[in-house]
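To start, the structure itself, in structure tokens.
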Amino acid sequence: ELAVLLEGGSLHFDRSVVRDALRFGLVAAPGAGAAELIVTDSLVDRATRVGVFAQAATVRLARTVVRDTQPSDEDTSGIGYGVNVQSGAQLFIEDSVVERNIAIGVRVNASHAQLDRTTIADTFPDPEGARGVGIEVGDIEGAAEMGSASLRDVVLVRNADAAVRAFGTVVELERVVARDTAPRAEAAQEEASAFGNAVDAFPSPFTETTVAVSATDSLFERNAEVGLLLRGGSLTVSGCHVRDTSPNPYSGLFGEGIVAQGSTALSLAATLAVE
């Protein structure tokens with residue numbers, strides 16, 4: 001059921017195609033020792049549940065496409081994640097595309113991620129109409145450390161619920177473009193899932209750990225409801241454009257560039273332009 005399973009050691013997967021895996025596409029986890037999975041110039045296509053998965057391991061993706069991950073008919077969760085790392089994993093993605101996955105494009109759970117020159121596009125809601133998040137960075141109950149993510153020169157386009165969702169973590173956005181985030185019609189049936197925010201940040205619902213997001217020299221445009229939404233924690237914005245945010249097409253709510261709610265620390269540099 002697993003196309004490739006690495007348990008300890010190192011594996012370099014180069015100029016290869018993984019297609020129609022019945023469960024996960026590529027999996028890395030520690031065995032007798034640490035595990036490192038390197039994927040270059042490759043395609044992971046139509047895997048079931050997760051395209052690339054790592055637990056407490058290192059994954060490096062370069063010039064690789066992860067797309068069209070599908071839910072399992074035997075699994076009620078409805079997930080079809082493109083990339084999912086958790087429990088202290090290290091994720092590095094550069095010059096790659098993660099597209100047309102279901103629920104979450106890239107999921108970073110109590111782990112650390114660095115994305116460079118990568119596109120995350122067209123993440124669809126799950127069969128219940130929930131989520132559709134480009135990248136989600138968060139913690140989990142009982143995690144040994146707080147996770148983090150750094151995105152540089154990353155494009156997030158046409159995702160559904162949020163381009164970036166962060167909770168109980170630290171996220172840095174530099175020269176990021178997040179545009180055309182909008183809820184799908186099926187998500188409108190689920191009130192908690194019909195957003196369309198470029199950035200949605202809030203303290204952890206599991207550990208109450210705060211969240212800190214910084215955005216530098218980035219563009220957030222043509223998103224729905226709220227461009228940058230902070231529901232507690234801190235947000236620092238410098239040299240960014242937040243423009244053409246439209247009201248939620250189903251609820252009619254907001255259409256605001258930046259919204260800070262609850263106990264928040266919001267810092268806007270003089271170079272910020274909100275249109």
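Each chain of the structure tokens is named A, B, ... in the order shown, its residues numbered from 1; ligands are numbered from 1 in display order.
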
*Contact residues around region 15-24 of chain A with only C-alpha atoms at 9 Å, ignoring same-chain residues under 6 positions, as number ranges by chain*: A: 1-4, 39-53, 64, 69, 72

Now that the selection is made, can you save its residues with C-alpha atoms as a PDB file, in the first residue's frame?
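Result file follows (selection08.pdb):
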```pdb
ATOM      1  CA  GLU A   1       0.000   0.000   0.000  1.00  0.00           C
ATOM      2  CA  LEU A   2       2.954   2.360   0.621  1.00  0.00           C
ATOM      3  CA  ALA A   3       4.839   3.137  -2.571  1.00  0.00           C
ATOM      4  CA  VAL A   4       8.115   3.920  -0.741  1.00  0.00           C
ATOM      5  CA  VAL A  39      13.305  13.804  -3.576  1.00  0.00           C
ATOM      6  CA  THR A  40      14.522  15.659  -6.674  1.00  0.00           C
ATOM      7  CA  ASP A  41      13.048  16.251 -10.130  1.00  0.00           C
ATOM      8  CA  SER A  42      10.192  13.853  -9.413  1.00  0.00           C
ATOM      9  CA  LEU A  43       6.403  13.534  -9.480  1.00  0.00           C
ATOM     10  CA  VAL A  44       4.121  12.212  -6.732  1.00  0.00           C
ATOM     11  CA  ASP A  45       0.716  11.883  -8.358  1.00  0.00           C
ATOM     12  CA  ARG A  46      -2.690  10.620  -7.195  1.00  0.00           C
ATOM     13  CA  ALA A  47      -1.530   9.049  -3.935  1.00  0.00           C
ATOM     14  CA  THR A  48      -4.187   8.127  -1.378  1.00  0.00           C
ATOM     15  CA  ARG A  49      -4.436  10.147   1.868  1.00  0.00           C
ATOM     16  CA  VAL A  50      -0.910  11.673   1.811  1.00  0.00           C
ATOM     17  CA  GLY A  51       1.552  12.253  -1.015  1.00  0.00           C
ATOM     18  CA  VAL A  52       4.689  12.681   1.139  1.00  0.00           C
ATOM     19  CA  PHE A  53       4.659  11.879   4.864  1.00  0.00           C
ATOM     20  CA  THR A  64       9.260  18.147  -7.483  1.00  0.00           C
ATOM     21  CA  THR A  69      -3.769  13.344  -3.560  1.00  0.00           C
ATOM     22  CA  SER A  72      -9.416   6.905   0.937  1.00  0.00           C
TER      23      SER A  72
END
```

Can you tell me, as a compact mmCIF listing (two decimals) with all heavy atoms, in the first residue's frame, which residues in region 72-157 of chain A count as strand (DSSP E or B) by DSSP?
```txt
# COMPACT_ATOMS: atom_id res chain seq x y z
N GLY A 80 -6.63 14.37 1.90
CA GLY A 80 -5.81 14.07 0.74
C GLY A 80 -4.65 15.05 0.74
O GLY A 80 -4.46 15.80 -0.21
N TYR A 81 -3.87 15.05 1.84
CA TYR A 81 -2.79 16.02 2.02
C TYR A 81 -1.71 15.81 0.96
O TYR A 81 -1.34 14.68 0.63
CB TYR A 81 -2.13 15.88 3.39
CG TYR A 81 -3.02 16.09 4.58
CD1 TYR A 81 -2.68 15.57 5.82
CD2 TYR A 81 -4.21 16.81 4.48
CE1 TYR A 81 -3.47 15.77 6.93
CE2 TYR A 81 -5.02 17.01 5.60
CZ TYR A 81 -4.65 16.48 6.82
OH TYR A 81 -5.44 16.67 7.92
N GLY A 82 -1.14 16.92 0.48
CA GLY A 82 0.01 16.82 -0.41
C GLY A 82 1.25 16.38 0.35
O GLY A 82 1.86 15.35 0.05
N VAL A 83 1.65 17.18 1.36
CA VAL A 83 2.81 16.88 2.19
C VAL A 83 2.38 17.01 3.65
O VAL A 83 1.74 18.01 4.02
CB VAL A 83 3.98 17.85 1.90
CG1 VAL A 83 5.17 17.52 2.79
CG2 VAL A 83 4.37 17.78 0.43
N ASN A 84 2.75 16.03 4.49
CA ASN A 84 2.37 16.06 5.90
C ASN A 84 3.57 15.63 6.74
O ASN A 84 4.06 14.50 6.59
CB ASN A 84 1.20 15.10 6.15
CG ASN A 84 0.73 15.12 7.59
OD1 ASN A 84 1.01 16.06 8.34
ND2 ASN A 84 0.03 14.07 8.00
N VAL A 85 4.08 16.54 7.58
CA VAL A 85 5.19 16.20 8.48
C VAL A 85 4.76 16.48 9.91
O VAL A 85 4.05 17.45 10.17
CB VAL A 85 6.48 16.96 8.12
CG1 VAL A 85 6.93 16.60 6.71
CG2 VAL A 85 6.29 18.47 8.23
N GLN A 86 5.23 15.64 10.84
CA GLN A 86 4.80 15.80 12.23
C GLN A 86 5.84 15.26 13.19
O GLN A 86 6.80 14.59 12.81
CB GLN A 86 3.47 15.08 12.45
CG GLN A 86 3.50 13.59 12.23
CD GLN A 86 2.12 12.95 12.33
OE1 GLN A 86 1.13 13.50 11.84
NE2 GLN A 86 2.05 11.80 12.97
N GLN A 90 11.70 17.59 10.01
CA GLN A 90 12.30 18.74 9.34
C GLN A 90 11.93 18.66 7.86
O GLN A 90 12.20 17.64 7.22
CB GLN A 90 13.82 18.71 9.49
CG GLN A 90 14.31 18.70 10.93
CD GLN A 90 14.29 20.06 11.58
OE1 GLN A 90 14.34 21.08 10.89
NE2 GLN A 90 14.22 20.10 12.90
N LEU A 91 11.34 19.73 7.34
CA LEU A 91 10.88 19.74 5.96
C LEU A 91 11.53 20.89 5.20
O LEU A 91 11.49 22.04 5.64
CB LEU A 91 9.36 19.88 5.90
CG LEU A 91 8.74 20.06 4.52
CD1 LEU A 91 8.94 18.82 3.66
CD2 LEU A 91 7.26 20.41 4.64
N PHE A 92 12.11 20.57 4.04
CA PHE A 92 12.70 21.59 3.17
C PHE A 92 12.12 21.38 1.76
O PHE A 92 12.25 20.30 1.20
CB PHE A 92 14.22 21.46 3.13
CG PHE A 92 14.87 21.56 4.48
CD1 PHE A 92 15.09 20.43 5.25
CD2 PHE A 92 15.26 22.80 4.99
CE1 PHE A 92 15.68 20.52 6.51
CE2 PHE A 92 15.84 22.90 6.24
CZ PHE A 92 16.06 21.76 7.01
N ILE A 93 11.48 22.42 1.23
CA ILE A 93 10.92 22.35 -0.12
C ILE A 93 11.44 23.54 -0.90
O ILE A 93 11.34 24.68 -0.45
CB ILE A 93 9.38 22.37 -0.11
CG1 ILE A 93 8.81 21.26 0.78
CG2 ILE A 93 8.84 22.22 -1.53
CD1 ILE A 93 7.28 21.27 0.85
N GLU A 94 11.97 23.29 -2.10
CA GLU A 94 12.42 24.38 -2.94
C GLU A 94 12.09 24.09 -4.40
O GLU A 94 12.11 22.95 -4.86
CB GLU A 94 13.92 24.63 -2.78
CG GLU A 94 14.81 23.46 -3.18
CD GLU A 94 16.29 23.76 -2.98
OE1 GLU A 94 16.63 24.53 -2.06
OE2 GLU A 94 17.10 23.22 -3.76
N VAL A 97 6.15 22.35 -6.73
CA VAL A 97 4.73 22.67 -6.84
C VAL A 97 3.93 21.64 -6.05
O VAL A 97 4.14 20.43 -6.20
CB VAL A 97 4.26 22.66 -8.31
CG1 VAL A 97 2.76 22.89 -8.39
CG2 VAL A 97 5.00 23.72 -9.12
N VAL A 98 3.03 22.13 -5.22
CA VAL A 98 2.09 21.28 -4.47
C VAL A 98 0.70 21.75 -4.86
O VAL A 98 0.30 22.85 -4.51
CB VAL A 98 2.32 21.38 -2.95
CG1 VAL A 98 1.36 20.46 -2.20
CG2 VAL A 98 3.76 21.04 -2.59
N GLU A 99 -0.05 20.93 -5.60
CA GLU A 99 -1.29 21.43 -6.18
C GLU A 99 -2.39 20.37 -6.23
O GLU A 99 -2.14 19.18 -6.26
CB GLU A 99 -1.04 21.96 -7.59
CG GLU A 99 -0.61 20.90 -8.59
CD GLU A 99 -0.39 21.45 -9.98
OE1 GLU A 99 -0.67 22.65 -10.22
OE2 GLU A 99 0.07 20.68 -10.86
N ILE A 102 -6.30 17.78 -1.32
CA ILE A 102 -7.58 17.92 -0.63
C ILE A 102 -7.35 18.16 0.86
O ILE A 102 -6.56 17.47 1.50
CB ILE A 102 -8.46 16.68 -0.86
CG1 ILE A 102 -8.84 16.60 -2.35
CG2 ILE A 102 -9.72 16.72 0.00
CD1 ILE A 102 -9.63 15.39 -2.72
N ILE A 104 -5.57 19.95 2.94
CA ILE A 104 -4.37 20.73 3.21
C ILE A 104 -3.31 20.40 2.18
O ILE A 104 -3.02 19.23 1.91
CB ILE A 104 -3.82 20.46 4.63
CG1 ILE A 104 -4.86 20.81 5.69
CG2 ILE A 104 -2.54 21.26 4.88
CD1 ILE A 104 -4.45 20.43 7.11
N GLY A 105 -2.68 21.44 1.62
CA GLY A 105 -1.59 21.21 0.68
C GLY A 105 -0.33 20.76 1.38
O GLY A 105 0.22 19.69 1.10
N VAL A 106 0.16 21.58 2.33
CA VAL A 106 1.34 21.25 3.13
C VAL A 106 0.96 21.40 4.59
O VAL A 106 0.54 22.48 5.03
CB VAL A 106 2.54 22.16 2.81
CG1 VAL A 106 3.72 21.85 3.72
CG2 VAL A 106 2.95 22.01 1.35
N ARG A 107 1.12 20.33 5.37
CA ARG A 107 0.77 20.34 6.80
C ARG A 107 2.03 20.13 7.63
O ARG A 107 2.75 19.14 7.44
CB ARG A 107 -0.24 19.23 7.10
CG ARG A 107 -0.73 19.19 8.55
CD ARG A 107 -1.83 18.15 8.67
NE ARG A 107 -2.42 18.09 9.99
CZ ARG A 107 -2.23 17.08 10.85
NH1 ARG A 107 -1.44 16.06 10.51
NH2 ARG A 107 -2.82 17.08 12.02
N VAL A 108 2.29 21.07 8.53
CA VAL A 108 3.49 21.04 9.37
C VAL A 108 3.01 21.01 10.82
O VAL A 108 2.55 22.01 11.35
CB VAL A 108 4.39 22.27 9.12
CG1 VAL A 108 5.64 22.20 9.98
CG2 VAL A 108 4.74 22.37 7.64
N ASN A 109 3.13 19.86 11.46
CA ASN A 109 2.55 19.65 12.78
C ASN A 109 3.66 19.40 13.79
O ASN A 109 4.33 18.35 13.73
CB ASN A 109 1.60 18.44 12.72
CG ASN A 109 0.39 18.64 13.61
OD1 ASN A 109 0.42 19.43 14.55
ND2 ASN A 109 -0.68 17.92 13.32
N HIS A 112 9.36 21.56 11.86
CA HIS A 112 9.96 22.77 11.31
C HIS A 112 10.03 22.65 9.80
O HIS A 112 10.40 21.60 9.26
CB HIS A 112 11.36 22.96 11.90
CG HIS A 112 11.38 23.07 13.39
ND1 HIS A 112 11.09 24.24 14.06
CD2 HIS A 112 11.60 22.14 14.35
CE1 HIS A 112 11.15 24.03 15.37
NE2 HIS A 112 11.45 22.76 15.57
N ALA A 113 9.67 23.74 9.11
CA ALA A 113 9.63 23.70 7.65
C ALA A 113 10.25 24.97 7.07
O ALA A 113 10.10 26.05 7.61
CB ALA A 113 8.19 23.57 7.17
N GLN A 114 10.92 24.80 5.94
CA GLN A 114 11.44 25.92 5.16
C GLN A 114 11.05 25.70 3.71
O GLN A 114 11.41 24.69 3.10
CB GLN A 114 12.96 26.02 5.28
CG GLN A 114 13.56 27.18 4.50
CD GLN A 114 15.05 27.34 4.74
OE1 GLN A 114 15.52 27.24 5.87
NE2 GLN A 114 15.80 27.57 3.67
N LEU A 115 10.31 26.67 3.15
CA LEU A 115 9.87 26.60 1.77
C LEU A 115 10.46 27.76 1.00
O LEU A 115 10.35 28.92 1.44
CB LEU A 115 8.34 26.64 1.67
CG LEU A 115 7.55 25.35 1.94
CD1 LEU A 115 7.69 24.90 3.39
CD2 LEU A 115 6.09 25.53 1.60
N ASP A 116 11.05 27.47 -0.15
CA ASP A 116 11.65 28.49 -0.99
C ASP A 116 11.19 28.29 -2.44
O ASP A 116 11.21 27.17 -2.96
CB ASP A 116 13.18 28.41 -0.94
CG ASP A 116 13.74 28.74 0.43
OD1 ASP A 116 13.88 29.94 0.74
OD2 ASP A 116 14.03 27.80 1.18
N THR A 119 5.27 26.85 -5.18
CA THR A 119 3.87 27.21 -5.39
C THR A 119 2.96 26.17 -4.73
O THR A 119 3.16 24.96 -4.90
CB THR A 119 3.54 27.28 -6.89
OG1 THR A 119 4.30 28.33 -7.48
CG2 THR A 119 2.05 27.56 -7.10
N ILE A 120 1.98 26.67 -3.97
CA ILE A 120 0.94 25.81 -3.39
C ILE A 120 -0.39 26.32 -3.93
O ILE A 120 -0.80 27.45 -3.64
CB ILE A 120 0.95 25.86 -1.85
CG1 ILE A 120 2.34 25.49 -1.32
CG2 ILE A 120 -0.11 24.92 -1.28
CD1 ILE A 120 2.48 25.66 0.18
N ALA A 121 -1.06 25.49 -4.71
CA ALA A 121 -2.22 25.98 -5.45
C ALA A 121 -3.39 25.00 -5.41
O ALA A 121 -3.22 23.79 -5.29
CB ALA A 121 -1.84 26.22 -6.91
N PHE A 124 -8.34 21.89 -2.34
CA PHE A 124 -9.79 21.80 -2.29
C PHE A 124 -10.27 21.43 -0.89
O PHE A 124 -9.54 20.79 -0.13
CB PHE A 124 -10.28 20.74 -3.28
CG PHE A 124 -9.90 21.02 -4.70
CD1 PHE A 124 -8.97 20.21 -5.35
CD2 PHE A 124 -10.44 22.08 -5.39
CE1 PHE A 124 -8.60 20.47 -6.66
CE2 PHE A 124 -10.09 22.35 -6.71
CZ PHE A 124 -9.16 21.53 -7.34
N VAL A 133 -6.84 24.32 2.86
CA VAL A 133 -5.80 25.23 3.32
C VAL A 133 -4.51 24.99 2.53
O VAL A 133 -4.08 23.84 2.38
CB VAL A 133 -5.54 25.03 4.83
CG1 VAL A 133 -4.40 25.93 5.31
CG2 VAL A 133 -6.81 25.29 5.62
N GLY A 134 -3.89 26.07 2.05
CA GLY A 134 -2.63 25.92 1.33
C GLY A 134 -1.55 25.30 2.19
O GLY A 134 -1.04 24.22 1.90
N ILE A 135 -1.15 25.99 3.27
CA ILE A 135 -0.20 25.45 4.23
C ILE A 135 -0.74 25.68 5.64
O ILE A 135 -1.18 26.79 5.96
CB ILE A 135 1.21 26.06 4.08
CG1 ILE A 135 2.17 25.47 5.12
CG2 ILE A 135 1.20 27.57 4.11
CD1 ILE A 135 3.63 25.81 4.88
N GLU A 136 -0.71 24.65 6.46
CA GLU A 136 -1.13 24.75 7.85
C GLU A 136 0.05 24.40 8.74
O GLU A 136 0.67 23.34 8.59
CB GLU A 136 -2.29 23.80 8.14
CG GLU A 136 -2.75 23.86 9.60
CD GLU A 136 -3.93 22.95 9.88
OE1 GLU A 136 -5.06 23.32 9.50
OE2 GLU A 136 -3.71 21.86 10.46
N VAL A 137 0.37 25.31 9.67
CA VAL A 137 1.49 25.12 10.59
C VAL A 137 0.93 25.21 12.00
O VAL A 137 0.33 26.23 12.37
CB VAL A 137 2.58 26.19 10.38
CG1 VAL A 137 3.80 25.88 11.24
CG2 VAL A 137 2.96 26.28 8.91
N GLY A 138 1.12 24.15 12.80
CA GLY A 138 0.54 24.17 14.13
C GLY A 138 1.23 23.21 15.07
O GLY A 138 2.22 22.57 14.72
N SER A 148 7.63 25.53 13.61
CA SER A 148 7.86 26.81 12.95
C SER A 148 7.91 26.59 11.45
O SER A 148 8.10 25.48 10.97
CB SER A 148 9.17 27.45 13.42
OG SER A 148 10.28 26.66 13.01
N ALA A 149 7.74 27.68 10.71
CA ALA A 149 7.85 27.62 9.26
C ALA A 149 8.37 28.94 8.73
O ALA A 149 8.01 30.01 9.22
CB ALA A 149 6.51 27.28 8.62
N SER A 150 9.19 28.85 7.69
CA SER A 150 9.70 30.01 6.99
C SER A 150 9.38 29.84 5.52
O SER A 150 9.76 28.84 4.90
CB SER A 150 11.22 30.13 7.20
OG SER A 150 11.77 31.15 6.39
N LEU A 151 8.67 30.83 4.94
CA LEU A 151 8.30 30.80 3.53
C LEU A 151 8.94 31.99 2.84
O LEU A 151 8.73 33.14 3.24
CB LEU A 151 6.78 30.88 3.36
CG LEU A 151 5.95 29.61 3.58
CD1 LEU A 151 6.02 29.15 5.02
CD2 LEU A 151 4.50 29.85 3.19
N ARG A 152 9.74 31.71 1.81
CA ARG A 152 10.40 32.77 1.05
C ARG A 152 10.13 32.57 -0.43
O ARG A 152 10.32 31.48 -0.96
CB ARG A 152 11.91 32.76 1.32
CG ARG A 152 12.28 33.14 2.74
CD ARG A 152 13.77 33.15 2.94
NE ARG A 152 14.37 31.86 2.65
CZ ARG A 152 15.47 31.40 3.26
NH1 ARG A 152 16.07 32.13 4.18
NH2 ARG A 152 15.96 30.23 2.94
N VAL A 155 4.42 31.24 -3.62
CA VAL A 155 3.14 31.68 -4.17
C VAL A 155 2.05 30.73 -3.71
O VAL A 155 2.17 29.51 -3.88
CB VAL A 155 3.19 31.73 -5.72
CG1 VAL A 155 1.81 32.07 -6.28
CG2 VAL A 155 4.23 32.73 -6.18
N LEU A 156 0.99 31.29 -3.13
CA LEU A 156 -0.18 30.52 -2.70
C LEU A 156 -1.38 31.08 -3.44
O LEU A 156 -1.75 32.23 -3.26
CB LEU A 156 -0.39 30.61 -1.19
CG LEU A 156 0.81 30.15 -0.34
CD1 LEU A 156 1.43 31.34 0.37
CD2 LEU A 156 0.40 29.09 0.66
N VAL A 157 -2.00 30.25 -4.27
CA VAL A 157 -3.04 30.77 -5.15
C VAL A 157 -4.21 29.80 -5.23
O VAL A 157 -4.04 28.59 -5.28
CB VAL A 157 -2.45 31.08 -6.55
CG1 VAL A 157 -1.88 29.82 -7.20
CG2 VAL A 157 -3.46 31.74 -7.45
```

*Which residues come within 9 Å of region 167-175 of chain A, counting only C-alpha atoms, excluding same-chain residues fewer than 2 positions away, as an MDAnalysis selection string?*
chainID A and resid 110 136:140 146:155 165 177 200:219 233 240

*Selected residue of minimal separation from Glu221 (chain A) among A:Ala194, A:Val176, A:Arg184, A:Gly239, counting only C-alpha atoms*: A:Val176

*Those of region 53-202 of chain A in DSSP helix (DSSP H, G or I), formatted as a VMD selection string*: chain A and resid 185 to 189 191 to 193

For the residues in that selection, give me N, CA and C atoms as a PDB file, in the first residue's frame.
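Result file result_13.pdb:
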```pdb
ATOM      1  N   ALA A 185     -18.258  26.519  -3.039  1.00  0.00           N
ATOM      2  CA  ALA A 185     -19.694  26.467  -2.760  1.00  0.00           C
ATOM      3  C   ALA A 185     -20.028  25.415  -1.721  1.00  0.00           C
ATOM      4  N   GLU A 186     -19.327  24.257  -1.787  1.00  0.00           N
ATOM      5  CA  GLU A 186     -19.632  23.191  -0.829  1.00  0.00           C
ATOM      6  C   GLU A 186     -19.230  23.569   0.585  1.00  0.00           C
ATOM      7  N   ALA A 187     -18.189  24.442   0.731  1.00  0.00           N
ATOM      8  CA  ALA A 187     -17.755  24.855   2.059  1.00  0.00           C
ATOM      9  C   ALA A 187     -18.747  25.800   2.714  1.00  0.00           C
ATOM     10  N   ALA A 188     -19.557  26.461   1.937  1.00  0.00           N
ATOM     11  CA  ALA A 188     -20.507  27.420   2.499  1.00  0.00           C
ATOM     12  C   ALA A 188     -21.534  26.747   3.399  1.00  0.00           C
ATOM     13  N   GLN A 189     -21.680  25.440   3.275  1.00  0.00           N
ATOM     14  CA  GLN A 189     -22.615  24.721   4.122  1.00  0.00           C
ATOM     15  C   GLN A 189     -22.065  24.532   5.532  1.00  0.00           C
ATOM     16  N   GLU A 191     -20.293  26.534   8.377  1.00  0.00           N
ATOM     17  CA  GLU A 191     -20.006  27.918   8.759  1.00  0.00           C
ATOM     18  C   GLU A 191     -18.547  28.125   9.145  1.00  0.00           C
ATOM     19  N   ALA A 192     -17.955  27.141   9.845  1.00  0.00           N
ATOM     20  CA  ALA A 192     -16.582  27.309  10.310  1.00  0.00           C
ATOM     21  C   ALA A 192     -15.562  27.140   9.203  1.00  0.00           C
ATOM     22  N   SER A 193     -15.981  26.756   8.027  1.00  0.00           N
ATOM     23  CA  SER A 193     -15.035  26.442   6.970  1.00  0.00           C
ATOM     24  C   SER A 193     -15.118  27.389   5.786  1.00  0.00           C
TER      25      SER A 193
END
```
